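Novice: Have a peek at structure23.cif (mmCIF, C-alpha atoms).
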```cif
data_query
#
loop_
_atom_site.label_atom_id
_atom_site.label_comp_id
_atom_site.auth_asym_id
_atom_site.auth_seq_id
_atom_site.Cartn_x
_atom_site.Cartn_y
_atom_site.Cartn_z
CA MET A 209 97.63 45.91 77.63
CA ARG A 210 98.27 48.39 74.84
CA THR A 211 96.89 47.45 71.48
CA THR A 212 99.62 47.60 68.86
CA TYR A 213 99.29 48.35 65.23
CA ASP A 214 101.18 47.31 62.19
CA THR A 215 103.04 50.27 60.74
CA PRO A 216 103.03 49.80 57.00
CA THR A 217 104.80 52.08 54.61
CA THR A 218 103.14 55.33 53.82
CA HIS A 219 102.51 54.66 50.15
CA ASP A 220 99.24 52.83 50.45
CA VAL A 221 98.09 51.65 47.04
CA GLU A 222 95.12 49.60 48.21
CA PRO A 223 92.02 51.42 49.36
CA ASP A 224 91.15 48.92 52.10
CA ARG A 225 93.87 46.95 53.78
CA PRO A 226 92.98 43.83 55.69
CA ALA A 227 91.86 44.64 59.20
CA ASP A 228 95.11 43.39 60.73
CA THR A 229 95.82 47.09 61.24
CA ALA A 230 92.49 47.62 62.99
CA PRO A 231 92.18 47.42 66.76
CA SER A 232 90.45 44.44 68.31
CA ARG A 233 87.17 44.34 70.18
CA GLY A 234 87.53 45.67 73.72
CA HIS A 235 89.85 48.42 72.54
CA VAL A 236 89.62 51.83 74.22
CA PRO A 237 90.32 54.34 71.45
CA GLY A 238 93.06 56.72 72.46
CA GLU A 239 94.82 57.20 75.76
CA PRO A 240 92.73 56.39 78.85
CA ALA A 241 93.32 59.94 80.12
CA PHE A 242 91.30 61.28 77.19
CA TRP A 243 88.34 59.19 78.31
CA VAL A 244 88.53 60.48 81.87
CA LEU A 245 88.18 63.96 80.36
CA ILE A 246 85.47 62.88 77.90
CA VAL A 247 83.33 61.13 80.49
CA GLY A 248 83.76 64.01 82.92
CA ASP A 249 82.61 66.45 80.25
CA MET A 250 79.68 64.20 79.40
CA MET A 251 78.53 64.32 83.01
CA MET A 252 78.95 68.10 83.17
CA PHE A 253 77.17 68.83 79.90
CA GLY A 254 74.46 66.29 80.66
CA TRP A 255 73.69 68.11 83.89
CA MET A 256 73.77 71.46 82.09
CA PHE A 257 71.29 70.21 79.51
CA VAL A 258 68.87 68.97 82.15
CA VAL A 259 69.09 72.20 84.17
CA PHE A 260 68.37 74.28 81.06
CA ALA A 261 65.46 72.04 80.09
CA GLY A 262 64.01 72.43 83.57
CA HIS A 263 64.08 76.22 83.30
CA LYS A 264 62.92 76.23 79.67
CA PHE A 265 59.86 74.11 80.38
CA GLY A 266 59.03 75.86 83.62
CA ILE A 267 59.74 73.13 86.17
CA GLY A 268 59.06 74.64 89.56
CA THR A 269 58.07 78.07 88.28
CA THR A 270 56.48 79.48 85.14
CA ASP A 271 57.83 83.03 85.63
CA GLN A 272 60.45 82.64 82.91
CA LEU A 273 58.45 80.79 80.26
CA GLY A 274 57.82 83.96 78.26
CA THR A 275 61.46 84.97 78.57
CA PHE A 276 62.65 81.63 77.24
CA GLN A 277 60.15 81.69 74.39
CA ALA A 278 61.21 85.20 73.40
CA GLY A 279 64.87 84.26 73.65
CA HIS A 280 64.36 81.19 71.50
CA GLU A 281 62.67 83.32 68.83
CA ALA A 282 65.52 85.84 68.92
CA LEU A 283 68.11 83.25 67.93
CA ASN A 284 69.10 82.66 64.32
CA PRO A 285 68.40 78.98 63.58
CA TYR A 286 70.02 79.21 60.15
CA LEU A 287 73.41 80.07 61.65
CA GLY A 288 72.88 77.29 64.16
CA ALA A 289 72.13 74.86 61.34
CA VAL A 290 75.27 75.95 59.47
CA ASN A 291 77.32 75.32 62.60
CA THR A 292 75.70 71.91 63.03
CA ALA A 293 76.64 70.95 59.48
CA LEU A 294 80.18 72.26 59.98
CA LEU A 295 80.82 70.22 63.12
CA LEU A 296 79.27 67.09 61.62
CA THR A 297 81.45 67.45 58.54
CA SER A 298 84.51 68.02 60.71
CA SER A 299 83.70 64.82 62.61
CA TRP A 300 83.51 63.00 59.28
CA PHE A 301 86.97 64.28 58.35
CA ALA A 302 88.37 63.36 61.76
CA ALA A 303 87.07 59.79 61.45
CA LEU A 304 88.61 59.56 57.97
CA GLY A 305 91.87 60.90 59.40
CA VAL A 306 92.03 58.19 62.07
CA ARG A 307 91.28 55.52 59.47
CA ALA A 308 93.99 56.82 57.16
CA ALA A 309 96.57 57.02 59.95
CA ARG A 310 95.90 53.42 61.01
CA ARG A 311 96.64 52.36 57.47
CA GLY A 312 99.91 54.23 57.40
CA ARG A 313 98.58 56.88 55.02
CA LEU A 314 99.88 59.71 57.14
CA ASP A 315 99.76 62.35 54.41
CA ARG A 316 96.11 61.60 53.84
CA GLY A 317 95.53 61.56 57.58
CA ARG A 318 97.15 64.96 57.90
CA ARG A 319 94.91 66.33 55.13
CA CYS A 320 91.77 64.93 56.74
CA PHE A 321 92.62 66.33 60.15
CA SER A 322 93.43 69.69 58.55
CA LEU A 323 90.02 69.75 56.90
CA ALA A 324 88.45 68.84 60.24
CA ALA A 325 90.27 71.75 61.86
CA GLY A 326 89.21 74.02 59.02
CA CYS A 327 85.56 73.21 59.65
CA GLY A 328 86.12 73.84 63.34
CA ALA A 329 87.65 77.22 62.62
CA ALA A 330 84.65 78.04 60.42
CA PHE A 331 82.40 77.12 63.34
CA VAL A 332 84.22 79.64 65.53
CA ALA A 333 83.82 82.32 62.86
CA VAL A 334 80.08 81.68 62.50
CA LYS A 335 79.69 81.72 66.27
CA ALA A 336 81.46 85.08 66.39
CA VAL A 337 79.06 86.45 63.75
CA GLU A 338 76.11 85.11 65.71
CA TRP A 339 77.25 86.58 69.00
CA GLY A 340 77.94 89.85 67.19
CA GLU A 341 74.35 89.87 65.93
CA LYS A 342 72.98 89.34 69.41
CA ILE A 343 75.20 91.99 70.97
CA ALA A 344 74.22 94.44 68.23
CA ASP A 345 70.58 93.71 69.11
CA GLY A 346 71.34 94.65 72.71
CA ARG A 347 71.20 91.12 74.07
CA PHE A 348 73.99 90.54 76.55
CA LEU A 349 74.92 87.93 79.15
CA ASN A 350 72.86 89.72 81.80
CA THR A 351 69.89 90.70 79.59
CA ASP A 352 67.70 87.92 80.92
CA LEU A 353 67.93 84.33 82.18
CA PHE A 354 67.66 82.84 78.69
CA PHE A 355 70.63 84.79 77.39
CA THR A 356 72.61 84.05 80.54
CA PHE A 357 72.14 80.37 79.71
CA TYR A 358 72.78 80.99 76.01
CA TYR A 359 76.09 82.81 76.36
CA THR A 360 77.28 80.57 79.20
CA TYR A 361 76.49 77.28 77.54
CA THR A 362 77.62 78.20 74.03
CA GLY A 363 80.66 79.87 75.57
CA ILE A 364 81.67 76.72 77.44
CA HIS A 365 81.09 74.73 74.26
CA LEU A 366 83.15 77.24 72.28
CA LEU A 367 85.96 76.80 74.79
CA HIS A 368 85.85 73.07 74.10
CA VAL A 369 85.95 73.78 70.36
CA LEU A 370 89.06 75.90 70.82
CA ILE A 371 90.72 73.21 72.96
CA GLY A 372 89.73 70.67 70.32
CA LEU A 373 91.33 72.80 67.61
CA GLY A 374 94.51 72.81 69.66
CA VAL A 375 94.38 69.04 69.93
CA LEU A 376 93.82 68.72 66.17
CA TRP A 377 96.76 71.04 65.54
CA TYR A 378 98.94 68.80 67.72
CA VAL A 379 97.74 65.74 65.81
CA ILE A 380 98.42 67.37 62.45
CA TYR A 381 101.88 68.73 63.18
CA HIS A 382 103.32 66.15 65.53
CA CYS A 383 101.56 62.81 65.29
CA CYS A 384 101.17 62.71 61.54
CA ALA A 385 104.94 63.04 61.21
CA GLY A 386 105.50 59.48 62.40
CA SER A 387 103.66 56.22 62.85
CA ARG A 388 104.43 55.13 66.40
CA ASP A 389 101.70 53.35 68.30
CA SER A 390 101.59 56.16 70.86
CA ASP A 391 100.92 58.68 68.11
CA ILE A 392 98.05 56.59 66.79
CA ALA A 393 96.60 56.54 70.30
CA VAL A 394 96.87 60.33 70.58
CA MET A 395 95.16 60.68 67.21
CA GLU A 396 92.35 58.39 68.30
CA GLY A 397 91.92 60.23 71.58
CA GLY A 398 92.03 63.62 69.91
CA ALA A 399 89.43 62.52 67.38
CA CYS A 400 87.19 61.19 70.17
CA PHE A 401 87.40 64.53 71.97
CA TRP A 402 86.46 66.31 68.75
CA HIS A 403 83.50 63.96 68.18
CA MET A 404 82.36 64.65 71.74
CA VAL A 405 82.36 68.39 70.97
CA ASP A 406 80.11 67.63 67.99
CA VAL A 407 77.78 65.54 70.17
CA PHE A 408 77.37 68.35 72.69
CA TRP A 409 76.57 70.85 69.92
CA ILE A 410 73.88 68.54 68.51
CA VAL A 411 72.04 68.68 71.83
CA LEU A 412 72.69 72.40 72.36
CA PHE A 413 71.36 73.20 68.89
CA THR A 414 68.21 71.20 69.55
CA LEU A 415 67.58 72.70 73.00
CA PHE A 416 68.26 76.33 72.11
CA TYR A 417 67.45 76.72 68.43
CA ILE A 418 64.90 74.26 67.14
CA GLU A 419 62.86 72.91 70.03
CA VAL A 420 59.57 74.80 70.07
CA MET B 34 82.03 44.27 59.47
CA ARG B 35 85.35 43.14 60.98
CA ASP B 36 85.60 43.62 64.72
CA GLY B 37 86.94 47.06 65.60
CA ALA B 38 87.34 48.12 61.98
CA LEU B 39 86.13 51.65 61.24
CA THR B 40 85.59 51.16 57.53
CA ARG B 41 85.11 53.87 54.95
CA ARG B 42 81.59 52.66 54.38
CA THR B 43 80.75 52.95 58.07
CA ILE B 44 82.14 56.47 58.23
CA ASP B 45 80.17 57.58 55.18
CA VAL B 46 76.92 55.89 56.21
CA VAL B 47 77.02 57.48 59.67
CA PHE B 48 77.69 60.89 58.12
CA ALA B 49 74.83 60.54 55.66
CA SER B 50 72.50 59.24 58.36
CA ALA B 51 73.32 62.08 60.73
CA LEU B 52 72.76 64.61 57.94
CA ALA B 53 69.43 62.98 57.09
CA ILE B 54 68.31 63.00 60.72
CA GLY B 55 69.30 66.64 60.97
CA LEU B 56 67.27 67.46 57.89
CA VAL B 57 64.23 65.67 59.30
CA MET B 58 64.62 67.55 62.58
CA TRP B 59 64.79 70.84 60.70
CA ILE B 60 61.66 70.09 58.69
CA ILE B 61 59.75 69.00 61.80
CA SER B 62 60.71 72.13 63.72
CA ARG B 63 59.88 74.45 60.83
CA VAL B 64 56.63 72.84 59.74
CA ALA B 65 55.10 71.08 62.72
CA GLY B 66 56.35 73.57 65.26
CA SER B 67 55.18 76.72 63.57
CA GLY B 68 51.60 76.74 64.85
CA GLU B 69 50.12 77.45 68.23
CA GLY B 70 49.24 74.76 70.70
CA ASP B 71 51.02 72.08 72.65
CA HIS B 72 54.33 71.07 71.14
CA THR B 73 55.27 68.51 73.80
CA ALA B 74 55.18 65.56 71.42
CA ILE B 75 57.14 67.44 68.76
CA ASN B 76 59.83 68.41 71.28
CA ALA B 77 60.06 64.83 72.50
CA VAL B 78 60.53 63.60 68.93
CA LEU B 79 63.15 66.28 68.23
CA MET B 80 65.12 65.40 71.35
CA ALA B 81 64.93 61.66 70.61
CA LEU B 82 66.22 62.32 67.09
CA ALA B 83 69.02 64.52 68.44
CA PHE B 84 70.16 61.81 70.83
CA THR B 85 69.88 59.20 68.07
CA LYS B 86 72.26 61.33 66.03
CA ALA B 87 74.54 61.71 69.04
CA GLY B 88 74.37 57.95 69.59
CA LEU B 89 75.52 57.27 66.04
CA ILE B 90 78.57 59.46 66.52
CA ILE B 91 79.40 57.98 69.91
CA THR B 92 78.87 54.39 68.75
CA TYR B 93 80.76 54.54 65.47
CA TYR B 94 82.97 57.61 65.24
CA MET B 95 84.09 57.37 68.86
CA GLU B 96 84.28 53.57 68.34
CA VAL B 97 82.41 52.79 71.52
CA ARG B 98 80.78 49.91 69.64
CA TRP B 99 84.09 48.08 69.87
CA ALA B 100 85.00 49.35 73.34
CA PRO B 101 84.97 47.37 76.61
CA PRO B 102 81.52 46.78 78.13
CA TYR B 103 82.01 49.32 80.91
CA LEU B 104 82.63 52.14 78.44
CA LYS B 105 79.64 51.08 76.34
CA ALA B 106 77.50 51.14 79.49
CA ILE B 107 78.68 54.61 80.51
CA CYS B 108 77.99 56.10 77.08
CA ALA B 109 74.67 54.33 76.61
CA GLY B 110 73.61 55.31 80.09
CA TRP B 111 74.48 58.95 79.46
CA LEU B 112 72.48 58.99 76.24
CA VAL B 113 69.41 57.35 77.74
CA VAL B 114 69.39 59.19 81.07
CA THR B 115 70.04 62.65 79.64
CA CYS B 116 67.54 62.27 76.80
CA THR B 117 64.89 60.89 79.15
CA ALA B 118 65.43 63.63 81.71
CA ILE B 119 65.03 66.35 79.09
CA ILE B 120 61.90 64.75 77.62
CA VAL B 121 60.41 64.29 81.10
CA ALA B 122 61.10 67.96 81.82
CA SER B 123 59.19 68.93 78.67
CA VAL B 124 56.27 66.68 79.60
CA VAL B 125 56.02 67.52 83.29
CA ARG B 126 55.55 71.24 82.86
CA ALA B 127 54.65 73.45 85.82
#
```
For the structure just supplied, provide its representation as structure tokens.

Specialist:
Amino acid sequence: MRTTYDTPTTHDVEPDRPADTAPSRGHVPGEPAFWVLIVGDMMMFGWMFVVFAGHKFGIGTTDQLGTFQAGHEALNPYLGAVNTALLLTSSWFAALGVRAARRGRLDRGRRCFSLAAGCGAAFVAVKAVEWGEKIADGRFLNTDLFFTFYYTYTGIHLLHVLIGLGVLWYVIYHCCAGSRDSDIAVMEGGACFWHMVDVFWIVLFTLFYIEV
Amino acid sequence: MRDGALTRRTIDVVFASALAIGLVMWIISRVAGSGEGDHTAINAVLMALAFTKAGLIITYYMEVRWAPPYLKAICAGWLVVTCTAIIVASVVRA
């Protein structure tokens, strides 16, 4: 049964409306199709993380331990930290955007989602700088096993960031124009996908950049 | 907190908490991880903190806290199993 929302007027003068506009317990945020995608991605990335950890810590063979240590030291943790802060901040904005939209403050919601997308675009730019650094250093996809993992994993994550930016764009330009229940669901689902992208980066950053 | 209500306070507290955890992780990796020797315990702590941060975002920002039990179980299971598998891999080295 779809959870419906009140659709108050857009001029919200009270900072916190009563929670009659909030979904009830047992609510699946967004369209169920989003969660099929999210859970599927969770399974895929979870497996990727475990496979990388197995190679990094030498499960089965220690031949590549030195390669992984050298690769880890070649990465720029400061750029990784900047990207971590950018995605976390964008998640913050996306959560604020969902909250605003539920309260009928669609202009505010549009601004929050725009800021979230802006942080996401900045992430892409920093990632491009980082990859440029590595390529300039002569480290390519086929340089060694570490960098095969690095480019593959961060590349798949970057693809999700780009898809997420597309979803945020759709939310900003289409959903924030109205206040139908279906648009709220798309906003929720889009925000959940974006938060998932942030979650995956948190683990990637830890595995590649800061674990010793 | 009202059921299912993603309040402003919740959003801000989760953001601040995730930032704080990230800062702690950074300090641990820079300070405790800089020397020679076995870093297994440090890596386990870093991974646990990372998945704690991920758990905050899943629980509150993705609103799984207010989701049906099956969705909570899937997300919690993913967090626990993946984190445990990575930590076990770091402990059971070749």

Novice: Select all residues from chain A having any atom no more than 7 Å from an atom of chain B (counting only C-alpha atoms, ignoring ligands), output as a VMD selection string.

Specialist: chain A and resid 227 230 to 237 254 258 261 to 262 265 to 270 300 303 307 400 403 407 410 to 411 414 418 to 420

Novice: So what do you get for CA of Ile380 in chain A versus CA of Leu314 in chain A, distance-wise?

Specialist: 9.4 Å

Novice: Would you kindly return, as a list of chain:residue names, each protein, DNA or RNA residue with an atom no farther than 8 Å from any atom of Gln272 in chain A, considering only C-alpha atoms and excluding same-chain residues fewer than 6 positions away?

Specialist: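 Listing them by chain and then by number gives A:His263, A:Lys264, A:Gly266, A:Leu353.
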
Novice: Excluding Ser322 in chain A and any residue of its chain fewer than 2 positions from it, enumerate the residues within 8 Å of it, using all atoms listed in the file, and give them as JSON, numbers by chain.

Specialist: {"A": [318, 319, 320, 324, 325, 326, 376, 377, 380]}

Novice: Pull C-alpha atoms from the residues just selected and write them as a PDB file, in the coordinates of the input.

Specialist:
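Generated file (selection-v4.pdb):
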```pdb
ATOM      1  CA  ARG A 318      97.150  64.960  57.900  1.00  0.00           C
ATOM      2  CA  ARG A 319      94.910  66.330  55.130  1.00  0.00           C
ATOM      3  CA  CYS A 320      91.770  64.930  56.740  1.00  0.00           C
ATOM      4  CA  ALA A 324      88.450  68.840  60.240  1.00  0.00           C
ATOM      5  CA  ALA A 325      90.270  71.750  61.860  1.00  0.00           C
ATOM      6  CA  GLY A 326      89.210  74.020  59.020  1.00  0.00           C
ATOM      7  CA  LEU A 376      93.820  68.720  66.170  1.00  0.00           C
ATOM      8  CA  TRP A 377      96.760  71.040  65.540  1.00  0.00           C
ATOM      9  CA  ILE A 380      98.420  67.370  62.450  1.00  0.00           C
TER      10      ILE A 380
END
```

Novice: Hey, can you check how far CA of Asp271 in chain A sits from CA of Arg347 in chain A?

Specialist: 19.4 Å

Novice: Work out how far CA of Ser299 in chain A is from CA of Val57 in chain B, in Å to one decimal.

Specialist: 19.8 Å

Novice: Hey, can I get the axis-aligned box for range 78-88 of chain B? All listed atoms, 3 Å padding on each side, centre and edge lengths in Å to one decimal, as JSON.

Specialist:
```
{"center_x": 67.5, "center_y": 62.1, "center_z": 68.7, "size_x": 20.0, "size_y": 14.3, "size_z": 11.3}
```

Novice: Could you write out as a ChimeraX atom specification the residues that the PyMOL selection byres ((chain A and resi 285) around 12) matches in the shown file?

Specialist: /A:279-284,286-292,335,338,412-420 /B:59,62-63

Novice: Determine the residue membership of the PyMOL selection byres ((chain A and resi 368-371) around 10) for the file above and supply it as an mmCIF file with C-alpha atoms, keeping the file's coordinate frame.

Specialist:
```cif
data_model
loop_
_atom_site.group_PDB
_atom_site.id
_atom_site.type_symbol
_atom_site.label_atom_id
_atom_site.label_comp_id
_atom_site.auth_asym_id
_atom_site.auth_seq_id
_atom_site.Cartn_x
_atom_site.Cartn_y
_atom_site.Cartn_z
ATOM 1 C CA ASP A 249 82.610 66.450 80.250
ATOM 2 C CA LEU A 295 80.820 70.220 63.120
ATOM 3 C CA ALA A 325 90.270 71.750 61.860
ATOM 4 C CA GLY A 328 86.120 73.840 63.340
ATOM 5 C CA ALA A 329 87.650 77.220 62.620
ATOM 6 C CA PHE A 331 82.400 77.120 63.340
ATOM 7 C CA VAL A 332 84.220 79.640 65.530
ATOM 8 C CA THR A 362 77.620 78.200 74.030
ATOM 9 C CA GLY A 363 80.660 79.870 75.570
ATOM 10 C CA ILE A 364 81.670 76.720 77.440
ATOM 11 C CA HIS A 365 81.090 74.730 74.260
ATOM 12 C CA LEU A 366 83.150 77.240 72.280
ATOM 13 C CA LEU A 367 85.960 76.800 74.790
ATOM 14 C CA GLY A 372 89.730 70.670 70.320
ATOM 15 C CA LEU A 373 91.330 72.800 67.610
ATOM 16 C CA GLY A 374 94.510 72.810 69.660
ATOM 17 C CA VAL A 375 94.380 69.040 69.930
ATOM 18 C CA LEU A 376 93.820 68.720 66.170
ATOM 19 C CA TRP A 377 96.760 71.040 65.540
ATOM 20 C CA PHE A 401 87.400 64.530 71.970
ATOM 21 C CA TRP A 402 86.460 66.310 68.750
ATOM 22 C CA MET A 404 82.360 64.650 71.740
ATOM 23 C CA VAL A 405 82.360 68.390 70.970
ATOM 24 C CA ASP A 406 80.110 67.630 67.990
ATOM 25 C CA PHE A 408 77.370 68.350 72.690
ATOM 26 C CA TRP A 409 76.570 70.850 69.920
#
```

Novice: Please provide the set of residues having any atom within 10 Å of Pro240 in chain A, restricted to all atoms listed in the file, with same-chain residues fewer than 5 positions apart removed, written as a VMD selection string.

Specialist: chain A and resid 245 to 246 393 397

Novice: Filtering to C-alpha atoms, could you give me those residues as a PDB file, in the frame of the given file?

Specialist:
```pdb
ATOM      1  CA  LEU A 245      88.180  63.960  80.360  1.00  0.00           C
ATOM      2  CA  ILE A 246      85.470  62.880  77.900  1.00  0.00           C
ATOM      3  CA  ALA A 393      96.600  56.540  70.300  1.00  0.00           C
ATOM      4  CA  GLY A 397      91.920  60.230  71.580  1.00  0.00           C
TER       5      GLY A 397
END
```

Novice: Could you check which of A:Val334, A:Val247, A:Met395, A:Leu304 is closest to Arg316 in chain A, using only C-alpha atoms?

Specialist: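 Closest to Arg316 in chain A, using only C-alpha atoms: A:Leu304.
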
Novice: With distances taken over only C-alpha atoms, which of A:Ala399, A:Val394, A:Met251, A:Ala385 is nearest to Gly312 in chain A?

Specialist: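 Among the listed residues, A:Ala385 lies closest to Gly312 in chain A.
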